[in-house]
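Visitor: Please find one structure pasted underneath; my questions will follow.
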Amino acid sequence: MREIWGSVEAAFSLLFHPDRYLLSTILVSFKVSGIALLICFPVSAALAAAISLGRFPGRGAVKLLVRTAMGLPSVVVGLLVLLVLSEAGPFKGLLWTPRAMVISQLVLITPLVLGVMISSLEGVSRRVAEAAHVLGANRLQVAWAVMREARLGFLTAAVAGFGRAIAEVGSVLIVGGNIAWADGTSYTRTLTTAIVVESRKGNFEAALAFGIVLMVLVLAVNLVLGLLGRPEEAR
Amino acid sequence: MLKVLLFVGGLLSIIGAPLAAAELVLATTTSTYDTGLLDALNRSFEELLGVKVKVIAVGTGAALELAKRGMVDLVLVHARPLEDRYLAEGWVINRRDVMFNDFVVVGPPEDPAGVKGAPTAVEAFRRIAAAGARFISRGDNSGTNFKEREIWRAAGIEPGGRWYLLSGKGMGDTLVQASLMGGYTLTDRGTFLAMRENLDLEIVVEGPVKGGDPMLMNPYGIMAVNPARFPDRNYVLAMAYIGFVTSPEGQRIIAGLTVGGEPLFYPTALREEPDFSEYVPRDWRGG
């Protein structure tokens, strides 16, 4: 218990007096997870619209596949991406870089984001789609109307995707290699993999402090996203 | 929509862009990284050649597997029989001795299996097994794990049962687990010294550094990935790094790393008289 309070104190003193190690680690975490989400979000939105509004054979199977992939273990994703990147070819140079981490996080969070988007689209689609259709909208306009109605669900998808990306350890540890330069600047070390290093060394207080820093920053992101997602009349 | 596509295309092109060339990737064990040794070596190496070194800290078994797949430029590991296998299969070349420290058997201060005073690690392991006292194994194909299995084999014991746990984690984690569970484990002295203040564990069998069991010797070797098999790896820089680590400067840095006045590693690369056994598998009989 004493150790936990020690960590809380250490976390806040770290947050207010961040050193280069912490700052660069935060930056890598946010850069990698942020880019993964920025790429994943529009692609997933288009796919979700196609899957939930489209009419094609095997639609049920696709949805089942997406839902199953939501449970992909991050270490498995990391190993798969590692082995693919290690094959000679255009991607070989990506191993042990932040870009490799973006790729593995994309694989990891896309099913989650896609799954939440599909659910939220299906929650509104029939009613809104019929109304839009009656008003003479073409298919793209119908899709757009449905997506507008589902925007809160889309926000939830983004928050969940970012949360999974920034909190996961397994895949970024494997494909990024958890590298910090000798001068103490992070290259592929994230807040979560820094926690692995500190707890491996028995520095539990520092490890917990990094965890608290992570949670405080995720809270800040959620507050910002929450503001964006408020219904229009409340703005 | 077009804008969105352009935006996504732009992001994808960031991911696929070519990378700068001059960098070195070293796979090594958690014991050399967590003690701060590699940061100390790499700071000097970077100053000397302006080349940044990426350190992938995993177990010895994993480090050699990364070398075998051409994912790294060189490895610094500690399990001679395993190193010899990868040398003999041609995955790595130009092996040099770098340094040694030793393993020690550690356990709870109460010493429930009465191990203190055992003359050898083999005898200590027999007492632990006979008492059914808790033992935490790395169970991760690391150099330490190889040494531990070697000791059980020498003791004629196949460890099993509820007293024998596999942590599946690095040395630091395993020491922490042994400390929290009141168990025994085998550890390299360096990691134990570096973490001692966080642990409720004592040395129960000394290694050769303190005049203990010679079986607990823990030598580290460095070797480059075979450039004939992986021409795209940075062999020239890998050899430069091996040269640096085995140079008077590199060896001085290794000797200078201490915890509470005790050295963590003892350099062995500098010898006036040759010792060819460092270059080839130990059972090699060449003409």
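Ordering of the structure tokens sets the chain letters (A, B, ...), residue numbers begin anew at 1 in every chain, and ligands are numbered from 1 in the order given.
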If you take only C-alpha atoms and a cut-off of 10 Å, which residues of chain A touch chain B, and what are their nearest atom pairs and distances in Å to one decimal, in chain and number order, as JSON lines?

Guide:
{"residue": "A:Ile35", "atom": "CA", "partner": "B:Leu11", "partner_atom": "CA", "distance": 7.8}
{"residue": "A:Ala36", "atom": "CA", "partner": "B:Leu11", "partner_atom": "CA", "distance": 9.5}
{"residue": "A:Leu38", "atom": "CA", "partner": "B:Val8", "partner_atom": "CA", "distance": 8.1}
{"residue": "A:Ile39", "atom": "CA", "partner": "B:Val8", "partner_atom": "CA", "distance": 6.0}
{"residue": "A:Cys40", "atom": "CA", "partner": "B:Val8", "partner_atom": "CA", "distance": 9.1}
{"residue": "A:Phe41", "atom": "CA", "partner": "B:Val8", "partner_atom": "CA", "distance": 9.8}
{"residue": "A:Pro42", "atom": "CA", "partner": "B:Val4", "partner_atom": "CA", "distance": 7.4}
{"residue": "A:Val43", "atom": "CA", "partner": "B:Val8", "partner_atom": "CA", "distance": 8.3}
{"residue": "A:Leu82", "atom": "CA", "partner": "B:Met71", "partner_atom": "CA", "distance": 9.2}
{"residue": "A:Leu83", "atom": "CA", "partner": "B:Arg69", "partner_atom": "CA", "distance": 9.0}
{"residue": "A:Leu85", "atom": "CA", "partner": "B:Met71", "partner_atom": "CA", "distance": 9.1}
{"residue": "A:Ser86", "atom": "CA", "partner": "B:Met71", "partner_atom": "CA", "distance": 6.2}
{"residue": "A:Glu87", "atom": "CA", "partner": "B:Arg69", "partner_atom": "CA", "distance": 8.5}
{"residue": "A:Ala88", "atom": "CA", "partner": "B:Asp232", "partner_atom": "CA", "distance": 9.1}
{"residue": "A:Pro90", "atom": "CA", "partner": "B:Gly16", "partner_atom": "CA", "distance": 8.3}
{"residue": "A:Phe91", "atom": "CA", "partner": "B:Gly16", "partner_atom": "CA", "distance": 7.5}
{"residue": "A:Lys92", "atom": "CA", "partner": "B:Met71", "partner_atom": "CA", "distance": 8.6}
{"residue": "A:Gly93", "atom": "CA", "partner": "B:Leu19", "partner_atom": "CA", "distance": 6.8}
{"residue": "A:Leu94", "atom": "CA", "partner": "B:Leu19", "partner_atom": "CA", "distance": 7.9}
{"residue": "A:Leu95", "atom": "CA", "partner": "B:Met71", "partner_atom": "CA", "distance": 7.6}
{"residue": "A:Trp96", "atom": "CA", "partner": "B:Lys54", "partner_atom": "CA", "distance": 8.1}
{"residue": "A:Thr97", "atom": "CA", "partner": "B:Leu19", "partner_atom": "CA", "distance": 9.5}
{"residue": "A:Pro98", "atom": "CA", "partner": "B:Ile15", "partner_atom": "CA", "distance": 9.0}
{"residue": "A:Arg99", "atom": "CA", "partner": "B:Ile15", "partner_atom": "CA", "distance": 5.5}
{"residue": "A:Ala100", "atom": "CA", "partner": "B:Ile15", "partner_atom": "CA", "distance": 8.1}
{"residue": "A:Val102", "atom": "CA", "partner": "B:Ile15", "partner_atom": "CA", "distance": 8.1}
{"residue": "A:Ile103", "atom": "CA", "partner": "B:Ile15", "partner_atom": "CA", "distance": 8.3}
{"residue": "A:Leu173", "atom": "CA", "partner": "B:Ile56", "partner_atom": "CA", "distance": 9.7}
{"residue": "A:Ile174", "atom": "CA", "partner": "B:Ile56", "partner_atom": "CA", "distance": 9.3}
{"residue": "A:Gly176", "atom": "CA", "partner": "B:Ile56", "partner_atom": "CA", "distance": 8.9}
{"residue": "A:Gly177", "atom": "CA", "partner": "B:Ile56", "partner_atom": "CA", "distance": 5.3}
{"residue": "A:Asn178", "atom": "CA", "partner": "B:Ile56", "partner_atom": "CA", "distance": 6.9}
{"residue": "A:Ile179", "atom": "CA", "partner": "B:Val55", "partner_atom": "CA", "distance": 6.0}
{"residue": "A:Ala180", "atom": "CA", "partner": "B:Lys54", "partner_atom": "CA", "distance": 7.6}
{"residue": "A:Trp181", "atom": "CA", "partner": "B:Lys54", "partner_atom": "CA", "distance": 7.0}
{"residue": "A:Ala182", "atom": "CA", "partner": "B:Asp39", "partner_atom": "CA", "distance": 4.5}
{"residue": "A:Asp183", "atom": "CA", "partner": "B:Arg43", "partner_atom": "CA", "distance": 6.9}
{"residue": "A:Gly184", "atom": "CA", "partner": "B:Asp39", "partner_atom": "CA", "distance": 8.4}
{"residue": "A:Tyr187", "atom": "CA", "partner": "B:Lys54", "partner_atom": "CA", "distance": 8.7}
{"residue": "A:Thr188", "atom": "CA", "partner": "B:Lys54", "partner_atom": "CA", "distance": 9.6}
{"residue": "A:Val196", "atom": "CA", "partner": "B:Asp173", "partner_atom": "CA", "distance": 9.3}
{"residue": "A:Val197", "atom": "CA", "partner": "B:Asp34", "partner_atom": "CA", "distance": 7.8}
{"residue": "A:Glu198", "atom": "CA", "partner": "B:Asp34", "partner_atom": "CA", "distance": 9.1}
{"residue": "A:Ser199", "atom": "CA", "partner": "B:Asp173", "partner_atom": "CA", "distance": 6.9}
{"residue": "A:Arg200", "atom": "CA", "partner": "B:Asp173", "partner_atom": "CA", "distance": 4.5}
{"residue": "A:Lys201", "atom": "CA", "partner": "B:Gly172", "partner_atom": "CA", "distance": 5.0}
{"residue": "A:Gly202", "atom": "CA", "partner": "B:Asn198", "partner_atom": "CA", "distance": 6.2}
{"residue": "A:Asn203", "atom": "CA", "partner": "B:Asn198", "partner_atom": "CA", "distance": 7.6}
{"residue": "A:Phe204", "atom": "CA", "partner": "B:Asn198", "partner_atom": "CA", "distance": 9.1}

Visitor: Could you pull the residues within 6 Å of segment 126-140 of chain B, counting only C-alpha atoms, minus those fewer than 4 positions along the same chain, as a list in words?

Guide: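 So the residues in contact are Ala113, Asn145, Trp163, Tyr164, Leu165, Leu166, Ser167, Gly168, Lys169, Gly183, Tyr184 and Thr185 of chain B.
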
Visitor: Which distance in Å separates atom CA of Ala155 of chain B and atom CA of Met181 of chain B, to one decimal?

Guide: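 That distance, rounded to one decimal, is 24.1 Å.
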
Visitor: Between B:Leu193, B:Val105, B:Leu201, B:Ala22, which has the minimum distance to Gly117 of chain B (counting only C-alpha atoms)?

Guide: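 Of B:Leu193, B:Val105, B:Leu201, B:Ala22, the one nearest Gly117 of chain B is B:Val105, counting only C-alpha atoms.
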
Visitor: Can you measure atom CA of Ser24 of chain A to atom CA of Gly226 of chain A for me? One decimal in Å is fine.

Guide: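 If I compute the distance from atom CA of Ser24 of chain A to atom CA of Gly226 of chain A, I get 26.2 Å.
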
Visitor: Write out as a VMD selection string all residues of chain A that DSSP puts in alpha helix (DSSP H) for this structure's backbone.

Guide: chain A and resid 2 to 16 20 to 53 59 to 69 74 to 86 98 to 134 139 to 149 151 to 167 170 to 176 191 to 200 204 to 228

Visitor: What's the separation between atom CA of Pro111 of chain A and atom CA of Ala49 of chain A, in Å to one decimal place?

Guide: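 Going from atom CA of Pro111 of chain A over to atom CA of Ala49 of chain A, I get 14.0 Å.
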
Visitor: Compile the contact shell of Leu48 of chain B as a list of chain:residue names: residues with an atom at most 12 Å away, counting only C-alpha atoms, same-chain residues fewer than 6 positions apart removed.

Guide: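 Near Leu48 of chain B, the qualifying residues are B:Leu41, B:Asn42, B:Ala240, B:Tyr241, B:Phe244, B:Glu249, B:Gly250.
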
Visitor: Could you pull out the strand (DSSP E or B) residues of segment 72-249 of chain B, going by DSSP on the backbone, and write them as a count of residues only?

Guide: 44

Visitor: Given only C-alpha atoms as the basis, pick out the residue of A:Ala48, A:Phe12, A:Leu155, A:Ser33 nearest to Leu227 of chain A.

Guide: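 Result for the nearest residue to Leu227 of chain A: A:Leu155.
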
Visitor: Considering only C-alpha atoms, can you say which of B:Ala238, B:Ile254, B:Ala124, B:Ile151 comes closest to Val204 of chain B?

Guide: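 Of the candidates, the smallest distance to Val204 of chain B is held by B:Ala124.
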
Visitor: For the interface of segment 21-100 of chain B with segment 266-281 of chain B (cut-off 8 Å, counting only C-alpha atoms), please tabulate each contacting residue of segment 21-100 of chain B alongside its nearest pair of atoms and their separation in Å to one decimal, rows sorted by chain and increasing number, as JSON lines.

Guide:
{"residue": "B:Glu83", "atom": "CA", "partner": "B:Pro281", "partner_atom": "CA", "distance": 7.9}
{"residue": "B:Asp84", "atom": "CA", "partner": "B:Pro281", "partner_atom": "CA", "distance": 4.6}
{"residue": "B:Arg85", "atom": "CA", "partner": "B:Pro281", "partner_atom": "CA", "distance": 7.5}
{"residue": "B:Leu87", "atom": "CA", "partner": "B:Pro281", "partner_atom": "CA", "distance": 6.7}
{"residue": "B:Ala88", "atom": "CA", "partner": "B:Pro281", "partner_atom": "CA", "distance": 6.6}
{"residue": "B:Asn94", "atom": "CA", "partner": "B:Tyr279", "partner_atom": "CA", "distance": 6.3}
{"residue": "B:Arg95", "atom": "CA", "partner": "B:Tyr279", "partner_atom": "CA", "distance": 5.1}
{"residue": "B:Arg96", "atom": "CA", "partner": "B:Glu278", "partner_atom": "CA", "distance": 5.6}
{"residue": "B:Asp97", "atom": "CA", "partner": "B:Ala269", "partner_atom": "CA", "distance": 5.5}
{"residue": "B:Val98", "atom": "CA", "partner": "B:Ala269", "partner_atom": "CA", "distance": 5.0}
{"residue": "B:Met99", "atom": "CA", "partner": "B:Pro267", "partner_atom": "CA", "distance": 4.0}
{"residue": "B:Phe100", "atom": "CA", "partner": "B:Tyr266", "partner_atom": "CA", "distance": 5.2}

Visitor: Could you turn the residues from that selection into a file that holds N, CA and C atoms, as a tab-separated table (two decimals), in the first residue's frame?

Guide:
chain	number	residue	atom	x	y	z
B	83	GLU	N	25.65	-21.33	-28.40
B	83	GLU	CA	26.42	-20.52	-29.35
B	83	GLU	C	27.14	-21.42	-30.33
B	84	ASP	N	27.72	-22.51	-29.80
B	84	ASP	CA	28.47	-23.44	-30.65
B	84	ASP	C	27.59	-24.05	-31.72
B	85	ARG	N	26.32	-24.34	-31.35
B	85	ARG	CA	25.43	-24.94	-32.33
B	85	ARG	C	25.19	-23.97	-33.50
B	87	LEU	N	27.10	-21.48	-34.38
B	87	LEU	CA	28.37	-21.33	-35.11
B	87	LEU	C	28.55	-22.49	-36.07
B	88	ALA	N	28.31	-23.71	-35.57
B	88	ALA	CA	28.53	-24.91	-36.38
B	88	ALA	C	27.57	-24.94	-37.56
B	94	ASN	N	32.76	-15.39	-36.50
B	94	ASN	CA	33.71	-14.48	-35.83
B	94	ASN	C	33.40	-14.28	-34.36
B	95	ARG	N	33.25	-15.37	-33.65
B	95	ARG	CA	32.95	-15.28	-32.22
B	95	ARG	C	34.16	-14.83	-31.43
B	96	ARG	N	33.94	-13.94	-30.48
B	96	ARG	CA	34.98	-13.54	-29.54
B	96	ARG	C	34.45	-13.64	-28.12
B	97	ASP	N	35.34	-14.02	-27.19
B	97	ASP	CA	35.01	-13.92	-25.77
B	97	ASP	C	34.98	-12.44	-25.40
B	98	VAL	N	34.05	-12.03	-24.57
B	98	VAL	CA	33.95	-10.63	-24.18
B	98	VAL	C	34.23	-10.44	-22.70
B	99	MET	N	33.57	-11.25	-21.89
B	99	MET	CA	33.63	-11.01	-20.45
B	99	MET	C	32.99	-12.21	-19.75
B	100	PHE	N	33.11	-12.27	-18.46
B	100	PHE	CA	32.35	-13.27	-17.72
B	100	PHE	C	31.88	-12.64	-16.42

Visitor: I'd like to know which of B:Val106, B:Pro263, B:Leu257, B:Val77 is closest to Asp200 of chain B, using only C-alpha atoms.

Guide: B:Val106
